[in-house]
Structure formats: structure tokens, C-alpha cells
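> Structure file target.txt (compact mmCIF, C-alpha atoms and all ligand atoms) is given on the next line.
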# COMPACT_ATOMS: atom_id res chain seq x y z
CA MET A 5 93.99 86.37 75.05
CA ARG A 6 95.25 89.21 72.89
CA VAL A 7 93.86 92.63 73.74
CA GLN A 8 93.76 93.93 70.17
CA ASP A 9 90.17 94.78 69.10
CA LYS A 10 88.83 93.78 72.51
CA VAL A 11 86.56 95.82 74.80
CA VAL A 12 88.19 96.21 78.19
CA VAL A 13 87.01 97.60 81.55
CA VAL A 14 89.63 98.55 84.15
CA THR A 15 88.58 99.61 87.66
CA GLY A 16 90.93 101.70 89.77
CA ALA A 17 92.22 103.05 86.46
CA ALA A 18 92.69 106.68 87.53
CA SER A 19 96.12 105.94 88.99
CA GLY A 20 98.87 103.43 89.64
CA ILE A 21 98.60 99.90 88.28
CA GLY A 22 95.11 100.42 86.81
CA ARG A 23 96.22 103.50 84.90
CA GLY A 24 99.24 101.57 83.59
CA LEU A 25 96.95 98.74 82.42
CA ALA A 26 94.46 101.10 80.73
CA LEU A 27 97.20 102.93 78.82
CA ARG A 28 98.86 99.69 77.75
CA PHE A 29 95.60 98.05 76.63
CA ALA A 30 94.95 101.11 74.48
CA ALA A 31 98.49 100.92 73.05
CA GLU A 32 97.90 97.23 72.24
CA GLY A 33 94.92 98.23 70.07
CA ALA A 34 91.92 97.62 72.33
CA ALA A 35 88.65 98.55 70.62
CA GLY A 36 87.57 100.45 73.72
CA VAL A 37 88.81 101.00 77.26
CA VAL A 38 86.45 101.91 80.11
CA VAL A 39 88.51 103.85 82.64
CA ALA A 40 86.54 103.34 85.85
CA ASP A 41 87.38 104.83 89.24
CA LEU A 42 85.95 106.53 92.30
CA ASP A 43 88.21 109.45 91.38
CA GLU A 44 86.30 110.99 88.48
CA VAL A 45 88.88 113.70 87.76
CA GLY A 46 91.72 111.18 87.59
CA ALA A 47 89.70 108.79 85.42
CA THR A 48 88.78 111.59 83.02
CA ALA A 49 92.43 112.57 82.69
CA VAL A 50 93.45 108.99 81.83
CA ALA A 51 90.60 108.62 79.32
CA LYS A 52 91.67 111.91 77.72
CA GLU A 53 95.26 110.67 77.51
CA ILE A 54 94.03 107.61 75.59
CA GLY A 55 91.64 109.50 73.31
CA ALA A 56 88.54 108.44 71.40
CA ARG A 57 88.81 104.76 72.29
CA ALA A 58 88.37 105.46 76.01
CA VAL A 59 85.59 106.62 78.27
CA ALA A 60 85.79 107.61 81.93
CA VAL A 61 83.18 106.32 84.36
CA GLN A 62 82.91 107.18 88.02
CA VAL A 63 82.26 104.02 90.02
CA ASP A 64 82.36 102.84 93.59
CA VAL A 65 83.28 99.18 93.24
CA SER A 66 81.70 98.37 96.59
CA SER A 67 78.29 99.09 94.99
CA GLU A 68 76.92 96.15 93.02
CA ALA A 69 74.61 98.38 90.96
CA GLN A 70 77.48 100.64 89.93
CA VAL A 71 79.72 97.72 88.95
CA ALA A 72 76.85 96.12 87.02
CA ALA A 73 76.44 99.34 85.02
CA LEU A 74 80.06 99.04 83.78
CA ALA A 75 79.01 96.08 81.62
CA ASP A 76 77.02 98.47 79.43
CA THR A 77 79.87 100.12 77.50
CA PRO A 78 79.68 102.46 74.48
CA PHE A 79 82.07 100.05 72.71
CA GLY A 80 79.92 96.92 72.98
CA PRO A 81 80.06 93.85 75.22
CA VAL A 82 83.02 93.43 77.57
CA ASP A 83 85.72 90.94 76.53
CA LEU A 84 88.12 91.58 79.43
CA PHE A 85 87.11 92.91 82.85
CA CYS A 86 90.02 93.97 85.08
CA SER A 87 88.78 94.23 88.64
CA ASN A 88 91.75 96.16 89.96
CA ALA A 89 90.56 98.85 92.39
CA GLY A 90 91.71 98.19 95.94
CA ILE A 91 92.44 99.86 99.24
CA ILE A 92 94.79 99.32 102.16
CA GLY A 93 94.19 100.05 105.80
CA GLY A 94 93.20 98.51 109.07
CA HIS A 95 96.58 97.64 110.59
CA GLY A 96 96.39 94.80 113.13
CA LEU A 97 94.21 93.50 115.94
CA ASP A 98 93.10 97.02 116.79
CA ALA A 99 91.39 97.48 113.40
CA PRO A 100 87.68 98.18 114.01
CA ASP A 101 85.14 95.77 112.50
CA GLN A 102 83.91 98.56 110.23
CA GLU A 103 87.38 98.79 108.68
CA TRP A 104 87.47 95.03 108.04
CA SER A 105 84.06 95.36 106.37
CA SER A 106 85.05 98.21 104.08
CA LEU A 107 88.23 96.45 103.02
CA TYR A 108 86.21 93.29 102.34
CA ALA A 109 83.69 95.23 100.24
CA VAL A 110 86.31 96.95 98.05
CA ASN A 111 88.92 94.17 97.85
CA VAL A 112 86.68 91.09 97.65
CA LEU A 113 83.01 91.83 96.92
CA SER A 114 84.02 94.05 93.99
CA HIS A 115 85.34 90.91 92.25
CA VAL A 116 82.08 89.08 92.95
CA TYR A 117 80.08 92.00 91.51
CA ALA A 118 82.31 92.10 88.41
CA ALA A 119 81.85 88.38 87.82
CA ARG A 120 78.07 88.67 88.18
CA ALA A 121 78.04 91.65 85.82
CA VAL A 122 79.89 90.12 82.88
CA ILE A 123 79.99 86.32 83.06
CA PRO A 124 76.42 85.64 81.79
CA SER A 125 76.92 87.73 78.62
CA MET A 126 80.44 86.34 78.13
CA ILE A 127 79.06 82.79 78.24
CA ALA A 128 76.32 83.75 75.78
CA ARG A 129 79.00 85.06 73.37
CA GLY A 130 81.26 82.00 73.75
CA GLY A 131 83.73 83.25 76.36
CA GLY A 132 85.62 86.07 78.00
CA HIS A 133 88.38 86.91 80.44
CA LEU A 134 88.50 88.30 83.98
CA LEU A 135 91.69 89.69 85.47
CA ASN A 136 91.45 90.26 89.22
CA THR A 137 94.16 92.28 90.92
CA CYS A 138 94.94 90.52 94.19
CA SER A 139 98.35 90.79 95.88
CA ALA A 140 101.43 88.88 96.90
CA ALA A 141 100.20 89.74 100.41
CA GLY A 142 97.44 87.15 99.92
CA LEU A 143 99.99 84.43 99.16
CA ILE A 144 103.04 85.08 101.30
CA SER A 145 103.80 86.64 104.66
CA CYS A 146 104.21 90.36 104.14
CA PRO A 147 104.60 93.23 106.55
CA GLY A 148 101.70 95.68 106.70
CA ASP A 149 97.99 95.46 107.42
CA ALA A 150 96.24 92.26 108.57
CA PRO A 151 92.82 93.04 107.02
CA TYR A 152 94.50 93.84 103.69
CA ALA A 153 96.33 90.50 103.55
CA VAL A 154 93.19 88.60 104.57
CA THR A 155 91.03 90.25 101.89
CA LYS A 156 93.66 89.60 99.22
CA ALA A 157 93.88 85.90 100.20
CA ALA A 158 90.07 85.75 99.96
CA ALA A 159 90.20 87.42 96.53
CA ILE A 160 92.67 84.79 95.29
CA ALA A 161 90.46 81.98 96.63
CA PHE A 162 87.44 83.49 94.86
CA ALA A 163 89.35 83.77 91.56
CA GLU A 164 90.44 80.12 91.85
CA TRP A 165 86.85 79.09 92.42
CA LEU A 166 85.69 81.15 89.41
CA ALA A 167 88.40 79.71 87.17
CA ILE A 168 87.47 76.13 88.02
CA HIS A 169 83.71 76.63 88.00
CA TYR A 170 83.50 78.46 84.65
CA ALA A 171 86.41 76.94 82.68
CA SER A 172 84.09 74.63 80.74
CA LYS A 173 81.99 77.65 79.69
CA GLY A 174 84.88 79.51 78.05
CA ILE A 175 85.59 81.89 80.93
CA LYS A 176 89.28 82.50 81.67
CA VAL A 177 90.31 84.00 84.96
CA SER A 178 93.73 85.39 85.88
CA VAL A 179 94.95 86.82 89.15
CA LEU A 180 97.52 89.57 89.19
CA CYS A 181 99.70 89.27 92.29
CA PRO A 182 101.88 92.39 92.48
CA GLN A 183 104.25 93.35 95.24
CA GLY A 184 106.21 96.56 95.57
CA VAL A 185 104.87 98.65 92.67
CA ARG A 186 105.55 102.40 92.75
CA THR A 187 102.04 103.86 93.27
CA ALA A 188 100.19 106.13 95.71
CA MET A 189 99.12 103.04 97.65
CA LEU A 190 102.69 101.82 98.10
CA GLU A 191 103.85 105.26 99.23
CA ARG A 192 101.04 105.36 101.79
CA GLY A 193 101.81 101.85 103.07
CA ILE A 194 105.49 102.63 103.41
CA GLU A 195 104.78 105.85 105.26
CA GLU A 196 102.09 104.53 107.60
CA ASP A 197 103.77 101.25 108.46
CA HIS A 198 107.31 102.69 108.47
CA LEU A 199 108.38 100.09 105.93
CA THR A 200 111.43 100.14 103.72
CA ALA A 201 111.54 99.02 100.09
CA LYS A 202 113.52 96.02 101.33
CA ALA A 203 110.70 95.06 103.69
CA VAL A 204 108.10 95.41 100.94
CA ASN A 205 110.08 93.13 98.66
CA ALA A 206 112.98 90.94 99.75
CA SER A 207 115.13 92.07 96.84
CA GLY A 208 114.28 95.72 97.52
CA ALA A 209 113.21 95.99 93.87
CA ILE A 210 110.32 98.38 93.30
CA LEU A 211 108.57 98.10 89.93
CA ASP A 212 106.76 100.70 87.86
CA PRO A 213 103.13 100.23 86.75
CA ALA A 214 104.38 100.01 83.14
CA ASP A 215 106.47 96.93 84.09
CA VAL A 216 103.37 95.34 85.58
CA ALA A 217 101.40 96.09 82.41
CA THR A 218 104.04 94.31 80.31
CA THR A 219 103.84 91.22 82.52
CA VAL A 220 100.04 91.32 82.28
CA ILE A 221 100.09 91.46 78.47
CA GLU A 222 102.42 88.43 78.40
CA GLY A 223 100.38 86.58 81.04
CA LEU A 224 97.06 87.16 79.25
CA ALA A 225 98.54 86.00 75.94
CA ALA A 226 99.81 82.83 77.62
CA GLU A 227 96.42 82.44 79.37
CA ARG A 228 98.18 82.12 82.73
CA PHE A 229 96.13 81.94 85.91
CA HIS A 230 98.76 83.56 88.16
CA ILE A 231 100.45 86.68 86.82
CA PHE A 232 103.43 87.63 88.99
CA PRO A 233 105.28 90.83 88.11
CA HIS A 234 107.97 89.93 90.68
CA PRO A 235 109.81 86.71 89.76
CA GLU A 236 110.68 86.04 93.40
CA VAL A 237 106.99 86.00 94.39
CA ALA A 238 106.41 83.45 91.61
CA GLU A 239 109.28 81.36 92.91
CA TYR A 240 107.96 81.48 96.47
CA ALA A 241 104.45 80.51 95.37
CA ARG A 242 105.85 77.65 93.26
CA ARG A 243 107.66 76.21 96.28
CA LYS A 244 104.66 76.65 98.59
P1 LIG B 301 96.50 103.30 93.75
O1 LIG B 301 96.07 103.81 95.09
O2 LIG B 301 97.47 104.05 92.93
O3 LIG B 301 95.23 103.00 92.83
C1 LIG B 301 94.03 102.47 93.35
C2 LIG B 301 92.88 103.12 92.60
O4 LIG B 301 91.67 102.52 93.07
C3 LIG B 301 92.77 104.63 92.88
O5 LIG B 301 92.70 105.33 91.65
C4 LIG B 301 91.50 104.77 93.70
O6 LIG B 301 90.80 105.98 93.46
C5 LIG B 301 90.71 103.56 93.23
N1 LIG B 301 89.69 103.15 94.20
C6 LIG B 301 89.83 103.00 95.53
N2 LIG B 301 88.66 102.65 96.08
C7 LIG B 301 87.77 102.56 95.08
C8 LIG B 301 86.40 102.24 95.00
N3 LIG B 301 85.68 101.94 96.11
N4 LIG B 301 85.80 102.24 93.80
C9 LIG B 301 86.49 102.55 92.68
N5 LIG B 301 87.79 102.88 92.67
C10 LIG B 301 88.42 102.89 93.86
O7 LIG B 301 97.04 101.83 94.09
P2 LIG B 301 97.68 100.69 93.19
O8 LIG B 301 98.93 100.30 93.86
O9 LIG B 301 97.69 101.02 91.77
O10 LIG B 301 96.61 99.52 93.48
C11 LIG B 301 95.90 98.84 92.45
C12 LIG B 301 95.64 97.42 92.91
O11 LIG B 301 96.90 96.74 93.08
C13 LIG B 301 94.95 97.32 94.28
O12 LIG B 301 93.98 96.29 94.25
C14 LIG B 301 96.07 96.95 95.22
O13 LIG B 301 95.63 96.28 96.37
C15 LIG B 301 96.94 96.09 94.33
N6 LIG B 301 98.32 95.93 94.77
C16 LIG B 301 99.23 96.97 94.70
C17 LIG B 301 100.54 96.75 95.11
C18 LIG B 301 101.58 97.81 95.03
O14 LIG B 301 102.75 97.53 95.38
N7 LIG B 301 101.28 99.02 94.59
C19 LIG B 301 100.98 95.45 95.64
C20 LIG B 301 99.95 94.47 95.68
C21 LIG B 301 98.68 94.70 95.23
As C-alpha cells, how would this structure be written, given the file I've shared?


Amino acid sequence: MRVQDKVVVVTGAASGIGRGLALRFAAEGAAGVVVADLDEVGATAVAKEIGARAVAVQVDVSSEAQVAALADTPFGPVDLFCSNAGIIGGHGLDAPDQEWSSLYAVNVLSHVYAARAVIPSMIARGGGHLLNTCSAAGLISCPGDAPYAVTKAAAIAFAEWLAIHYASKGIKVSVLCPQGVRTAMLERGIEEDHLTAKAVNASGAILDPADVATTVIEGLAAERFHIFPHPEVAEYARRK
């Protein structure tokens, strides 16, 4: 898919990877970009940076009603929904059940809510695209939090199911599997888990959100299912 003239929703777009995607989609000529985030101030700043073709919406992606409302955009029906918001936390065996549940709600159920919100109207209009931000942590052994890795593996499994189930109805699904991208989340993970850049990514290479956005634009155009900003994650997954 090409983003030009398309209506795009990006969750978690107030910062990091989501912000990078929203800015790049606008630069590629999207007809409208919905900048959705729990952080209303941050989302408003990103929408302002883009200008008239963007609108900021405060959303908690763990609320089905709030995600459903994102489908009603001032620009028209959604062509591309990027379910990108995510959280880390939980650490290991000592993580309380409540923490597992909140990670599951934000990192997995949000994708289910997005699919429910847009797939029926996409099918009615002949097709559409979903891009779900998962993580290399759902594919390969990574240091860090157990609940995070588990929810990201579940998110990948859900995206695979969606892709297979709705392919015949014109719905494309892609999963973005980043690793080691310079954002607030990465800084927090490094600090809390005492990780080094080398531990986050074997090559020690840390990417910028703008690099990820470039890989996403290429991946969407090629209609790839897996979009890997880090070539070595792609290589690992290929061998798996
Ligand atoms: P970030 O912390 O910079 O951005 C996450 C955004 O999601 C924030 O703006 C935050 O306000 C928003 N958010 C959090 N909970 C929310 C909720 N309940 N409802 C709506 N918005 C909410 O982090 P980053 O790195 O940009 O993360 C984006 C996605 O990329 C996440 O799904 C993350 O798991 C994934 N990811 C990031 C990697 C990295 O190296 N930075 C590696 C692998 C995956």
C-alpha cells in the first residue's frame, strides 16, 4: 500500500516510533492522520507539527469503546490503522497478576479492538491495511521483562491469524517487529533492567524512529507481513 491520499490512524503517536510514523505518513501525502495517544498534550503537539491534515485524539487503547471511536475520523473512513501504543513492565516471576493483565490489555487486546473497529468497514469498501507494532521480543530471546515478551508473542500470533483469516476479503496485515529504537520506552528498559545497547541488540546498533518509519514505508509498499527495522532480527526469524 502507498500512504498517499490515505486516511491513517496511529496509536501511541505522541512519542517515539508512533510519532515517527505519524510525521512520515504526513510527509508521504496522507489525506489525514489521526494522532492518538493517552498523552493528550504530546498528541496535540505532534498534530500541530503536521498541520491541517492531522487531528489529535486522546485514547486509552485498553478501552474498546475508545478504540472504536477512532474509526470515526474527520477525514473519512480509515485506510490504514497502526496499532502501535505499547507498554513495558512486569519483570519476571515476581510480576503481580495485575501487571500481566494490564500489559495484556495494552499490548494485545488493543490490536483486537482495532481490528473490530475497522475491519467491517474496510471489507465493505473493498479492503484496508492494519499495521500492528509488536516486537522482536515476541520472536527471539531478549533480555528484559517476561510479561512484555509474552504479550508481544501473543500480538504476533493474533496478527498472523488476522492476516490468514481476512486475506480473501482484501484485508492486509503487517507486523512491525522493532528492536533497539531510541525512544522513552527503550531508555526506561535500559535503566530499569540495567541493560546495555549491546544487550538490547546483538550488534549494539540503536535506531531512530525515523529509520523505522522508512522501513515501514518500504514494507507497506511491498505488502510485507513482517517489517523488521533491524536486518539481524529478520535474519534470525528467517532461520527460525
Ligand atoms: P514510547 O514510550 O516512546 O511510546 C509509546 C506511546 O504509547 C507513548 O506516547 C504512550 O503515551 C502511549 N501509550 C501508552 N499506553 C497507552 C494507552 N493505554 N493508550 C494509548 N496510548 C498509550 O515507546 P516506543 O518505543 O515508541 O513504543 C512504541 C511501540 O513499539 C510499543 O508497542 C513498543 O512495545 C514497541 N517496541 C519498541 C521498541 C524500542 O526499541 N523502542 C522495541 C520493540 C517494540

> Atom CA of Asp43 of chain A and atom CA of Arg23 of chain A are how many Å apart?

11.9 Å

> Please identify all polymer residues within 7 Å of segment 7-15 of chain A, counting only C-alpha atoms, omitting same-chain residues fewer than 2 positions from it, and present them as a ChimeraX atom specification.

/A:5,17,22,26,29,32-41,79-89

> With C-alpha atoms kept, could you save the residues just selected as a CSV table (one decimal), in the frame of the given file?


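Everything below was put into out-v4.csv:
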chain,number,residue,atom,x,y,z
A,5,MET,CA,94.0,86.4,75.0
A,17,ALA,CA,92.2,103.0,86.5
A,22,GLY,CA,95.1,100.4,86.8
A,26,ALA,CA,94.5,101.1,80.7
A,29,PHE,CA,95.6,98.0,76.6
A,32,GLU,CA,97.9,97.2,72.2
A,33,GLY,CA,94.9,98.2,70.1
A,34,ALA,CA,91.9,97.6,72.3
A,35,ALA,CA,88.6,98.6,70.6
A,36,GLY,CA,87.6,100.4,73.7
A,37,VAL,CA,88.8,101.0,77.3
A,38,VAL,CA,86.4,101.9,80.1
A,39,VAL,CA,88.5,103.8,82.6
A,40,ALA,CA,86.5,103.3,85.8
A,41,ASP,CA,87.4,104.8,89.2
A,79,PHE,CA,82.1,100.0,72.7
A,80,GLY,CA,79.9,96.9,73.0
A,81,PRO,CA,80.1,93.8,75.2
A,82,VAL,CA,83.0,93.4,77.6
A,83,ASP,CA,85.7,90.9,76.5
A,84,LEU,CA,88.1,91.6,79.4
A,85,PHE,CA,87.1,92.9,82.8
A,86,CYS,CA,90.0,94.0,85.1
A,87,SER,CA,88.8,94.2,88.6
A,88,ASN,CA,91.8,96.2,90.0
A,89,ALA,CA,90.6,98.8,92.4

> Looking at A:Ala18, A:Ala150, A:Ile54, A:Leu74, which one is nearest to ligand LIG 301 (chain B), with distances taken over all atoms listed in the file?

A:Ala18

> Any residue with an atom at most 7 Å from ligand LIG 301 (chain B) counts, using only C-alpha atoms and all ligand atoms. Which are they? Put them as a ChimeraX atom specification.

/A:15-22,40-43,63-66,88-92,110-111,137-141,181-190

> Deliver the residues from the most recent selection as a file, using C-alpha atoms, as a CSV table (one decimal), in the coordinates of the input.


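out_1.csv, written as the output of this step:
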chain,number,residue,atom,x,y,z
A,15,THR,CA,88.6,99.6,87.7
A,16,GLY,CA,90.9,101.7,89.8
A,17,ALA,CA,92.2,103.0,86.5
A,18,ALA,CA,92.7,106.7,87.5
A,19,SER,CA,96.1,105.9,89.0
A,20,GLY,CA,98.9,103.4,89.6
A,21,ILE,CA,98.6,99.9,88.3
A,22,GLY,CA,95.1,100.4,86.8
A,40,ALA,CA,86.5,103.3,85.8
A,41,ASP,CA,87.4,104.8,89.2
A,42,LEU,CA,86.0,106.5,92.3
A,43,ASP,CA,88.2,109.4,91.4
A,63,VAL,CA,82.3,104.0,90.0
A,64,ASP,CA,82.4,102.8,93.6
A,65,VAL,CA,83.3,99.2,93.2
A,66,SER,CA,81.7,98.4,96.6
A,88,ASN,CA,91.8,96.2,90.0
A,89,ALA,CA,90.6,98.8,92.4
A,90,GLY,CA,91.7,98.2,95.9
A,91,ILE,CA,92.4,99.9,99.2
A,92,ILE,CA,94.8,99.3,102.2
A,110,VAL,CA,86.3,97.0,98.0
A,111,ASN,CA,88.9,94.2,97.8
A,137,THR,CA,94.2,92.3,90.9
A,138,CYS,CA,94.9,90.5,94.2
A,139,SER,CA,98.4,90.8,95.9
A,140,ALA,CA,101.4,88.9,96.9
A,141,ALA,CA,100.2,89.7,100.4
A,181,CYS,CA,99.7,89.3,92.3
A,182,PRO,CA,101.9,92.4,92.5
A,183,GLN,CA,104.2,93.4,95.2
A,184,GLY,CA,106.2,96.6,95.6
A,185,VAL,CA,104.9,98.6,92.7
A,186,ARG,CA,105.6,102.4,92.8
A,187,THR,CA,102.0,103.9,93.3
A,188,ALA,CA,100.2,106.1,95.7
A,189,MET,CA,99.1,103.0,97.6
A,190,LEU,CA,102.7,101.8,98.1

> Hey, which of A:Ile144, A:Ala118, A:Leu180, A:Ala153 ends up closest to Ile221 of chain A? Count only C-alpha atoms.

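Under the stated criterion, the closest residue is A:Leu180.
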
> Restricting the calculation to all atoms listed in the file: of A:Leu113, A:Ala73, A:Leu107, A:Ala167, which residue gets closest to Val179 of chain A?

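Nearest to Val179 of chain A: A:Ala167.
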
> In Å to one decimal, how far is atom CA of Ile231 of chain A from atom CA of Ala60 of chain A?

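Atom-to-atom, atom CA of Ala60 of chain A and atom CA of Ile231 of chain A are spaced 26.0 Å apart.
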
> Looking at only C-alpha atoms, which of A:Leu143, A:Leu166, A:Ala51, A:Ala225 is the one that sits closest to Arg242 of chain A?

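For Arg242 of chain A, the nearest of the given residues is A:Leu143.
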
> Around segment 185-195 of chain A, with edges along x, y and z and 8 Å added on all six sides, what centre and edge lengths do you get, in Å to one decimal, as AutoDock Vina command-line options?


--center_x 102.3 --center_y 102.4 --center_z 99.0 --size_x 22.4 --size_y 23.5 --size_z 28.6

> Taking into account all atoms listed in the file, which residue in the set A:Glu53, A:Ser106, A:Thr77, A:Ala238 is nearest to Gly93 of chain A?

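Closest to Gly93 of chain A, using all atoms listed in the file: A:Ser106.
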
> Have a look at atom CA of Leu25 of chain A and atom CA of Ala214 of chain A and let me know their distance in Å, one decimal.

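Straight-line distance from atom CA of Leu25 of chain A to atom CA of Ala214 of chain A works out to 7.6 Å.
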
> Rank A:Gln102, A:Gly142, A:Arg120, A:Ser114 by their smallest atom-to-atom distance to Ala241 of chain A, using all atoms listed in the file, and report the top residue only.

A:Gly142
